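Peer 1: Structure below; questions to follow.
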Amino acid sequence: MKRKLPSSLFNPISLMGILIALVSFFAIVILFFANIFLAPDNPYIGIVTYMIFPLFLILGLFIIPFGMYIERRRRLKKKEIKERRLPNIDFNQPEHRNAFLLFLMVLIGFIVLSAVGGYQAYNFTDSVVFCGKICHSIMHPEYEAYLDSPHARVSCAECHVGTGANWYVKSKLSGAYQVYATLANKYPKPITTPIKNLRPAQETCEHCHWPEQFYGGKQKIFTYYLSDEENTKYEINMLIKVGGGNPKTGKTEGIHLHMNIQSKIEFISADEKNENIPWIRSTNLSTGEVKTYINEEEPPSEELLSKSKTHIMDCMDCHNRPTHIFNTPSLAVNEAILLNRIDKSLPMIKNISMELFFEDYETKEIAVNTIAEKVWRFYREDYPDLFEKQKDSIERSIKELQKIYTRNIFPEMGVKWSVYPDNIGHLDFPGCYRCHDNKHINEYGESLSNDCFLCHTIFSQELNGQKEEAFTMDGVEFKHPVDVGDDWKLSGCYECHTGLNP
Ligand code: HEC
Ligand code: HEC
Ligand code: HEC
Ligand code: HEC
Ligand code: HEC
Ligand code: HEC
């Protein structure tokens with residue numbers, strides 16, 4: 001029988017290449033559809049479809065000509081064919097014609113497949129599933145917190161990579177190092193922040209929220225429960241003066257004054273995490289007036305000032321936890337009591353919750369078991385009557401406490417609220433008080449004030465049913481819910497409040 005393709009193709013190596021290429025090709029096609037229809041969330045199908053099988057396909061396609069080359073060398077040696085450096089292609093010979101057409105078809109097919117596959121691979125390696133689930137043990141805390149945040153529908157890449165080939169390549173290179181670090185178990189636990197190569201806010205956040213946008217005030221109701229026997233309720237209703245670029249006047253107002261429209265704010269920090277900021281400069285962009293604020297109590301050293309670069313304040317200096325929000329136990333438990341997931345009628349429930357979260361547990365399992373054990377024991381021993389009557393509500397509350405633990409604390413990665421300070425307020429972390437502490441003074445003797453009315457107005461506060469309210473911009477004066485004298489005025493709230501009720 002006359003062969004329709006060059007005879008050199010029919011050698012074991014090339015045939016094996018064909019087999020590998022064909023199997024990979026069909027596997028990719030089948031998995032491609034399986035991925036779309038059956039398991040869109042499975043990261044491993046993605047890896048196999050867009051990374052592993054394509055590698056095999058390419059390998060197979062390389063093996064084919066390699067086999068043909070070896071075969072020709074063999075035949076040359078055995079003198080089955082005459083010495084010729086390059087094959088003589090003759091389109092009048094059907095096997096050459098067919099081989100050429102086949103080659104052309106495979107080439108076109110391969111280019112189309114690579115275009116589709118490359119695009120899919122590009123999307124896939126930027127997908128939330130890829131980022132959040134592949135390195136499951138490492139990214140687990142960030143992924144869990146993300147799913148539960150206002151940005152759950154914004155992909156990881158939109159904040160971490162952004163648009164443009166340059167950053168795509170950069171992120172993949174750093175990603176490749178991360179894969180190595182994972183395999184070699186060399187990554188830091190917890191992952192250190194601020195992330196060194198995070199893209200500037202102008203190129204990520206500001207695609208969706210731009211500085212000239214005006215937000216006005218934001219009214220928020222904060223509900224707390226004290227650590228006393230009755231879990232006394234305390235509530236503050238306040239207007240936070242967010243502001244922004246005012247389209248009518250062209251000026252910035254309120255808190256978003258820091259967004260570099262009207263004035264630029266720069267600082268130098270004495271630590272990696274930007275928690276200790278001894279030097280700040282604000283430049284009025286229309287008048288050019290410059291003010292430099294220095295922490296009078298802990299002034300920056302000459303050495304620090306000369307060797308540090310100034311950092312221009314941007315969104316991330318306040319919104320450093322826009323999506324990986326690890327709630328403080330106090331906040332999470334307050335919320336759960338408010339929603340009646342933890343029963344407020346259980347005496348001391350807030351207090352024992354805080355004691356439970358004060359401990360560090362080695363693993364999630366130990367934590368979950370200890371929480372159940374200690375709460376059961378507490379009510380059995382201290383409130384035996386109630387223990388018999390309210391078993392259901394104790395059990396429900398325990399379940400919720402366990403959920404709060406698994407959502408916010410990740411012992412295997414060393415992640416919890418205190419590891420990643422949230423800079424948006426000032427109750428549990430210094431936040432705004434890093435600068436607005438009345439201790440940073442400029443050359444005109446002005447300080448960055450911590451006047452309680454600068455950033456918000458309290459409309460009402462209510463302690464145990466006793467309410468005081470005034471829905472005006474003057475609002476009411478803050479009253480600390482328990483008597484701590486004037487301490488709340490004199491020191492930062494965060495010196496007593498640490499995420500667990502003090
Ligand atoms: C809304 C924007 C945004 C999205 C979406 C986002 N991140 Fe982040 N992420 C940040 C910011 C901002 C930081 C830096 C925090 C800092 O430097 O203090 C960060 C930090 C991290 C860190 C460092 C550890 C930490 O907790 O600070 C990891 C890991 C991380 N992100 C992974 C992810 C993964 C995985 C996803 C997708 C599932 C994701 N991020 C989605 C904004 C985002
Ligand atoms: C792809 C678009 C997108 C990007 C990028 C993005 N956000 Fe958002 N952001 C949103 C959406 C959508 C919401 C939710 C709005 C809502 O729930 O009302 C939101 C909400 C917010 C909120 C309000 C959260 C709350 O508690 O109500 C803040 C603050 C915020 N984003 C800051 C940031 C910061 C900082 C970055 C950059 C690290 C960022 N965003 C990046 C789309 C985006
Ligand atoms: C000086 C700190 C600071 C800086 C810098 C800052 N913000 Fe804010 N932003 C706040 C505070 C405080 C709030 C109100 C907090 C809250 O939601 O409880 C807020 C609220 C927001 C909201 C929610 C508004 C609403 O009405 O729900 C968005 C969105 C937002 N900021 C985006 C940004 C973006 C984008 C940038 C950078 C261009 C930025 N912020 C810079 C402190 C800051
Ligand atoms: C890095 C230091 C720094 C941090 C952190 C910081 N600020 Fe500021 N803030 C400044 C400077 C500097 C000014 C401008 C003072 C000036 O114009 O000379 C300012 C001005 C303001 C103003 C306007 C005051 C006025 O006179 O109108 C408000 C409101 C404000 N900040 C709120 C906040 C809030 C809320 C936070 C925390 C979420 C915060 N700031 C965090 C440095 C900071
Ligand atoms: C530089 C601006 C600024 C100053 C000054 C300031 N606050 Fe605040 N405060 C904030 C911001 C921003 C938040 C909002 C945090 C959030 O949205 O979670 C806040 C939140 C609070 C809360 C709710 C706390 C929480 O997170 O549960 C209380 C209570 C409060 N402030 C009281 C005060 C009192 C009392 C003073 C004066 C001693 C004061 N603040 C001074 C910016 C400021
Ligand atoms: C001297 C220490 C101290 C300082 C400073 C302090 N507090 Fe408190 N705070 C307490 C104590 C103690 C309680 C009672 C805790 C409890 O019963 O659970 C408390 C309770 C609270 C509560 C209700 C309970 C909760 O869930 O957090 C709020 C809100 C609060 N403080 C706000 C503030 C604010 C805002 C500031 C700063 C302006 C501040 N505190 C400064 C000691 C302090």
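A note on labels: chains of the structure tokens are A, B, ... as shown, every chain counts residues from 1, and ligands are counted from 1 in their shown order.
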Mind checking which residues fall within 9 Å of A:Ile398, counting only C-alpha atoms, ignoring those fewer than 5 positions away in the same chain, and posting them as a list of chain:residue names?

Peer 2: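 The neighbour list is A:Ile342, A:Ile371, A:Ala372, A:Val375, A:Trp376, A:Ser393, A:Lys403.
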
Peer 1: What does the file look like for those residues with all heavy atoms, as a PDB file, in the first residue's frame?

Peer 2:
```pdb
ATOM      1  N   ILE A 342     -26.312  35.344  69.035  1.00  0.00           N
ATOM      2  CA  ILE A 342     -25.871  35.023  70.389  1.00  0.00           C
ATOM      3  C   ILE A 342     -26.937  35.620  71.297  1.00  0.00           C
ATOM      4  O   ILE A 342     -27.376  36.756  71.082  1.00  0.00           O
ATOM      5  CB  ILE A 342     -24.486  35.643  70.690  1.00  0.00           C
ATOM      6  CG1 ILE A 342     -23.412  34.948  69.849  1.00  0.00           C
ATOM      7  CG2 ILE A 342     -24.162  35.539  72.167  1.00  0.00           C
ATOM      8  CD1 ILE A 342     -22.025  35.524  70.027  1.00  0.00           C
ATOM      9  N   ILE A 371     -13.858  26.382  72.990  1.00  0.00           N
ATOM     10  CA  ILE A 371     -14.961  27.350  73.110  1.00  0.00           C
ATOM     11  C   ILE A 371     -16.210  26.635  73.641  1.00  0.00           C
ATOM     12  O   ILE A 371     -16.822  27.054  74.627  1.00  0.00           O
ATOM     13  CB  ILE A 371     -15.241  28.027  71.747  1.00  0.00           C
ATOM     14  CG1 ILE A 371     -14.102  29.000  71.418  1.00  0.00           C
ATOM     15  CG2 ILE A 371     -16.579  28.752  71.760  1.00  0.00           C
ATOM     16  CD1 ILE A 371     -14.168  29.611  70.028  1.00  0.00           C
ATOM     17  N   ALA A 372     -16.553  25.514  73.010  1.00  0.00           N
ATOM     18  CA  ALA A 372     -17.760  24.790  73.427  1.00  0.00           C
ATOM     19  C   ALA A 372     -17.634  24.331  74.883  1.00  0.00           C
ATOM     20  O   ALA A 372     -18.522  24.571  75.712  1.00  0.00           O
ATOM     21  CB  ALA A 372     -17.981  23.598  72.508  1.00  0.00           C
ATOM     22  N   VAL A 375     -17.764  27.313  77.544  1.00  0.00           N
ATOM     23  CA  VAL A 375     -19.065  27.972  77.697  1.00  0.00           C
ATOM     24  C   VAL A 375     -20.032  27.032  78.424  1.00  0.00           C
ATOM     25  O   VAL A 375     -20.713  27.428  79.377  1.00  0.00           O
ATOM     26  CB  VAL A 375     -19.642  28.405  76.328  1.00  0.00           C
ATOM     27  CG1 VAL A 375     -21.036  28.990  76.498  1.00  0.00           C
ATOM     28  CG2 VAL A 375     -18.726  29.428  75.672  1.00  0.00           C
ATOM     29  N   TRP A 376     -20.067  25.763  78.020  1.00  0.00           N
ATOM     30  CA  TRP A 376     -20.927  24.786  78.712  1.00  0.00           C
ATOM     31  C   TRP A 376     -20.586  24.754  80.195  1.00  0.00           C
ATOM     32  O   TRP A 376     -21.468  24.829  81.051  1.00  0.00           O
ATOM     33  CB  TRP A 376     -20.751  23.377  78.145  1.00  0.00           C
ATOM     34  CG  TRP A 376     -21.479  23.111  76.855  1.00  0.00           C
ATOM     35  CD1 TRP A 376     -20.946  22.663  75.690  1.00  0.00           C
ATOM     36  CD2 TRP A 376     -22.892  23.242  76.606  1.00  0.00           C
ATOM     37  NE1 TRP A 376     -21.906  22.528  74.723  1.00  0.00           N
ATOM     38  CE2 TRP A 376     -23.121  22.880  75.263  1.00  0.00           C
ATOM     39  CE3 TRP A 376     -23.981  23.658  77.377  1.00  0.00           C
ATOM     40  CZ2 TRP A 376     -24.375  22.889  74.671  1.00  0.00           C
ATOM     41  CZ3 TRP A 376     -25.237  23.667  76.800  1.00  0.00           C
ATOM     42  CH2 TRP A 376     -25.427  23.291  75.456  1.00  0.00           C
ATOM     43  N   SER A 393     -30.396  27.818  73.728  1.00  0.00           N
ATOM     44  CA  SER A 393     -29.809  29.107  73.378  1.00  0.00           C
ATOM     45  C   SER A 393     -28.311  29.110  73.687  1.00  0.00           C
ATOM     46  O   SER A 393     -27.547  29.804  73.023  1.00  0.00           O
ATOM     47  CB  SER A 393     -30.556  30.255  74.043  1.00  0.00           C
ATOM     48  OG  SER A 393     -30.106  30.447  75.344  1.00  0.00           O
ATOM     49  N   LYS A 403     -18.247  30.023  64.835  1.00  0.00           N
ATOM     50  CA  LYS A 403     -18.237  30.587  63.484  1.00  0.00           C
ATOM     51  C   LYS A 403     -17.406  31.872  63.442  1.00  0.00           C
ATOM     52  O   LYS A 403     -16.649  32.103  62.502  1.00  0.00           O
ATOM     53  CB  LYS A 403     -19.672  30.875  63.041  1.00  0.00           C
ATOM     54  CG  LYS A 403     -19.932  30.384  61.638  1.00  0.00           C
ATOM     55  CD  LYS A 403     -21.386  30.209  61.320  1.00  0.00           C
ATOM     56  CE  LYS A 403     -22.036  31.454  60.783  1.00  0.00           C
ATOM     57  NZ  LYS A 403     -23.512  31.322  60.764  1.00  0.00           N
TER      58      LYS A 403
END
```

Peer 1: Per residue of chain A within 6 Å of ligand 2, record the nearest atom pair and its distance in Å to one decimal, counting only C-alpha atoms and all ligand atoms, with rows in chain order and ascending residue number, as a Markdown table.

Peer 2:
```
| residue | atom | partner | partner_atom_place_in_ligand_line | distance |
| --- | --- | --- | --- | --- |
| A:Pro150 | CA | ligand 2 | 14 (C) | 5.0 |
| A:His151 | CA | ligand 2 | 9 (N) | 5.6 |
| A:Val154 | CA | ligand 2 | 1 (C) | 5.0 |
| A:Glu158 | CA | ligand 2 | 5 (C) | 5.2 |
| A:Cys159 | CA | ligand 2 | 5 (C) | 5.4 |
| A:Ala201 | CA | ligand 2 | 37 (C) | 5.8 |
| A:Thr204 | CA | ligand 2 | 5 (C) | 5.0 |
| A:Cys205 | CA | ligand 2 | 37 (C) | 3.4 |
| A:His207 | CA | ligand 2 | 5 (C) | 5.8 |
| A:Cys208 | CA | ligand 2 | 2 (C) | 4.5 |
| A:Cys315 | CA | ligand 2 | 35 (C) | 5.2 |
| A:Met316 | CA | ligand 2 | 35 (C) | 5.4 |
| A:His319 | CA | ligand 2 | 35 (C) | 4.8 |
| A:Pro322 | CA | ligand 2 | 35 (C) | 5.4 |
```

Peer 1: Using only C-alpha atoms and all ligand atoms, which residues of chain A come within 7 Å of ligand 5, and what is the closest atom pair for each, with the distance in Å to one decimal? Give it as a tab-separated table, sorted by chain and residue number.

Peer 2:
```
residue	atom	partner	partner_atom_place_in_ligand_line	distance
A:Phe222	CA	ligand 5	27 (O)	5.8
A:Ile236	CA	ligand 5	29 (C)	6.8
A:Ile240	CA	ligand 5	12 (C)	6.6
A:Ile424	CA	ligand 5	15 (C)	5.5
A:Gly425	CA	ligand 5	15 (C)	3.8
A:His426	CA	ligand 5	9 (N)	5.9
A:Leu427	CA	ligand 5	26 (O)	5.2
A:Cys432	CA	ligand 5	1 (C)	5.0
A:Tyr433	CA	ligand 5	1 (C)	6.4
A:His436	CA	ligand 5	1 (C)	5.2
A:Ser449	CA	ligand 5	5 (C)	6.2
A:Asn450	CA	ligand 5	5 (C)	3.5
A:Asp451	CA	ligand 5	5 (C)	4.7
A:Cys452	CA	ligand 5	37 (C)	3.3
A:Phe453	CA	ligand 5	41 (C)	6.7
A:Leu454	CA	ligand 5	5 (C)	5.4
A:Cys455	CA	ligand 5	2 (C)	4.3
A:His456	CA	ligand 5	43 (C)	6.4
A:Phe478	CA	ligand 5	35 (C)	5.2
A:Trp488	CA	ligand 5	38 (C)	6.6
A:Lys489	CA	ligand 5	38 (C)	5.2
```

Peer 1: Excluding A:Gly414 and its own-chain neighbours fewer than 5 positions away, which residues fall within 9 Å of it when counting only C-alpha atoms? Please give them as a list of chain:residue names.

Peer 2: A:Lys189, A:Pro190, A:Ile191, A:Ile409, A:Val419

Peer 1: For each of A:Lys218, A:His497, A:Arg407, A:Arg199, take the minimum atom-to-atom distance to ligand 1, counting only C-alpha atoms and all ligand atoms, then give the residue where this is smallest.

Peer 2: A:Arg199

Peer 1: Using only C-alpha atoms and all ligand atoms, which residues of chain A come within 7 Å of ligand 4, and what is the closest atom pair for each, with the distance in Å to one decimal? Give it as JSON lines, sorted by chain and residue number.

Peer 2:
```
{"residue": "A:Lys241", "atom": "CA", "partner": "ligand 4", "partner_atom_place_in_ligand_line": "29 (C)", "distance": 6.9}
{"residue": "A:Glu253", "atom": "CA", "partner": "ligand 4", "partner_atom_place_in_ligand_line": "27 (O)", "distance": 6.7}
{"residue": "A:Gly254", "atom": "CA", "partner": "ligand 4", "partner_atom_place_in_ligand_line": "29 (C)", "distance": 4.5}
{"residue": "A:Ile255", "atom": "CA", "partner": "ligand 4", "partner_atom_place_in_ligand_line": "29 (C)", "distance": 3.9}
{"residue": "A:Leu257", "atom": "CA", "partner": "ligand 4", "partner_atom_place_in_ligand_line": "23 (C)", "distance": 6.0}
{"residue": "A:His258", "atom": "CA", "partner": "ligand 4", "partner_atom_place_in_ligand_line": "9 (N)", "distance": 6.3}
{"residue": "A:Ile265", "atom": "CA", "partner": "ligand 4", "partner_atom_place_in_ligand_line": "12 (C)", "distance": 5.7}
{"residue": "A:Glu266", "atom": "CA", "partner": "ligand 4", "partner_atom_place_in_ligand_line": "1 (C)", "distance": 6.8}
{"residue": "A:Phe267", "atom": "CA", "partner": "ligand 4", "partner_atom_place_in_ligand_line": "1 (C)", "distance": 5.6}
{"residue": "A:Ile277", "atom": "CA", "partner": "ligand 4", "partner_atom_place_in_ligand_line": "1 (C)", "distance": 6.7}
{"residue": "A:Ile280", "atom": "CA", "partner": "ligand 4", "partner_atom_place_in_ligand_line": "12 (C)", "distance": 6.0}
{"residue": "A:Arg281", "atom": "CA", "partner": "ligand 4", "partner_atom_place_in_ligand_line": "12 (C)", "distance": 6.1}
{"residue": "A:Ser282", "atom": "CA", "partner": "ligand 4", "partner_atom_place_in_ligand_line": "12 (C)", "distance": 5.1}
{"residue": "A:Lys291", "atom": "CA", "partner": "ligand 4", "partner_atom_place_in_ligand_line": "18 (O)", "distance": 6.0}
{"residue": "A:Met313", "atom": "CA", "partner": "ligand 4", "partner_atom_place_in_ligand_line": "1 (C)", "distance": 6.6}
{"residue": "A:Asp317", "atom": "CA", "partner": "ligand 4", "partner_atom_place_in_ligand_line": "5 (C)", "distance": 6.8}
{"residue": "A:Cys318", "atom": "CA", "partner": "ligand 4", "partner_atom_place_in_ligand_line": "38 (C)", "distance": 5.3}
{"residue": "A:Asn423", "atom": "CA", "partner": "ligand 4", "partner_atom_place_in_ligand_line": "38 (C)", "distance": 6.2}
{"residue": "A:Ile424", "atom": "CA", "partner": "ligand 4", "partner_atom_place_in_ligand_line": "38 (C)", "distance": 4.2}
{"residue": "A:Gly425", "atom": "CA", "partner": "ligand 4", "partner_atom_place_in_ligand_line": "38 (C)", "distance": 5.3}
{"residue": "A:Gly431", "atom": "CA", "partner": "ligand 4", "partner_atom_place_in_ligand_line": "37 (C)", "distance": 5.6}
{"residue": "A:Cys432", "atom": "CA", "partner": "ligand 4", "partner_atom_place_in_ligand_line": "37 (C)", "distance": 3.3}
{"residue": "A:Tyr433", "atom": "CA", "partner": "ligand 4", "partner_atom_place_in_ligand_line": "5 (C)", "distance": 6.7}
{"residue": "A:Arg434", "atom": "CA", "partner": "ligand 4", "partner_atom_place_in_ligand_line": "5 (C)", "distance": 5.3}
{"residue": "A:Cys435", "atom": "CA", "partner": "ligand 4", "partner_atom_place_in_ligand_line": "2 (C)", "distance": 4.4}
{"residue": "A:His436", "atom": "CA", "partner": "ligand 4", "partner_atom_place_in_ligand_line": "7 (N)", "distance": 6.1}
{"residue": "A:Leu448", "atom": "CA", "partner": "ligand 4", "partner_atom_place_in_ligand_line": "15 (C)", "distance": 6.5}
{"residue": "A:Leu454", "atom": "CA", "partner": "ligand 4", "partner_atom_place_in_ligand_line": "29 (C)", "distance": 5.3}
{"residue": "A:Cys455", "atom": "CA", "partner": "ligand 4", "partner_atom_place_in_ligand_line": "29 (C)", "distance": 4.6}
```

Peer 1: Need the shell around A:Ala470: protein/DNA/RNA residues with any atom at most 9 Å away, counting only C-alpha atoms. Skip same-chain ones fewer than 6 positions apart. Format as a ChimeraX atom specification?

Peer 2: /A:458-460,476

Peer 1: Could you pull out all residues of stretch 87-314 of chain A with a DSSP call of alpha helix (DSSP H) and give them as a ChimeraX atom specification?

Peer 2: /A:94-125,128-133,136-147,156-160,165-183,205-208,302-307

Peer 1: Calculated over only C-alpha atoms, which of the candidates A:Ser171, A:Asn334, A:Asn166, A:Ser14 has the smallest distance to A:Gly67?

Peer 2: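 The shortest atom-to-atom distance to A:Gly67 comes from A:Ser14.
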
Peer 1: So, with only C-alpha atoms as the atoms that count, which of A:Thr252, A:Gly445, A:Asp422, A:Glu302 lies closest to A:Leu285?

Peer 2: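 The closest residue to A:Leu285 is A:Thr252.
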
Peer 1: Can you work out which one of A:Glu469, A:Glu303, A:Glu272, A:Glu388 has the shortest atom-to-atom distance to ligand 1, counting only C-alpha atoms and all ligand atoms?

Peer 2: A:Glu272

Peer 1: Using DSSP assignments from the backbone, pull out every residue in stretch 354-460 of chain A that falls under strand (DSSP E or B) and give it to me as a list in words.

Peer 2: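 Output for stretch 354-460 of chain A, strand (DSSP E or B) only: Phe410, Val415, His440, Ile441, Ser447, His456, Thr457, Ile458, Phe459 and Ser460 of chain A.
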
Peer 1: Hey, which residues come within 6 Å of ligand 1 if we count only C-alpha atoms and all ligand atoms? Could you give them as a list in words?

Peer 2: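 Listing the residues within 6 Å of ligand 1 gives Val128, Cys131, Gly132, Met139, Glu142, Tyr143, Tyr146, His151, Val154, Ser155, Cys156, Cys159, Ile191, Thr193, Pro194, Ile195, Met316, Asn320, Arg321, Pro322, Thr323 and His324 of chain A.
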
Peer 1: To check your reading of the model: which residues sit at most 9 Å from ligand 6 when counting only C-alpha atoms and all ligand atoms? Write the answer as number ranges by chain.

Peer 2: A: 222-228, 231-236, 330-331, 333-334, 350-351, 354, 426-428, 452, 478-497, 499-502

Peer 1: Which one is closest to A:Pro421: A:Glu395, A:Ile349, A:Thr328, A:Pro384? Count only C-alpha atoms.

Peer 2: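 Going through A:Glu395, A:Ile349, A:Thr328, A:Pro384 one by one, the smallest distance to A:Pro421 is for A:Thr328.
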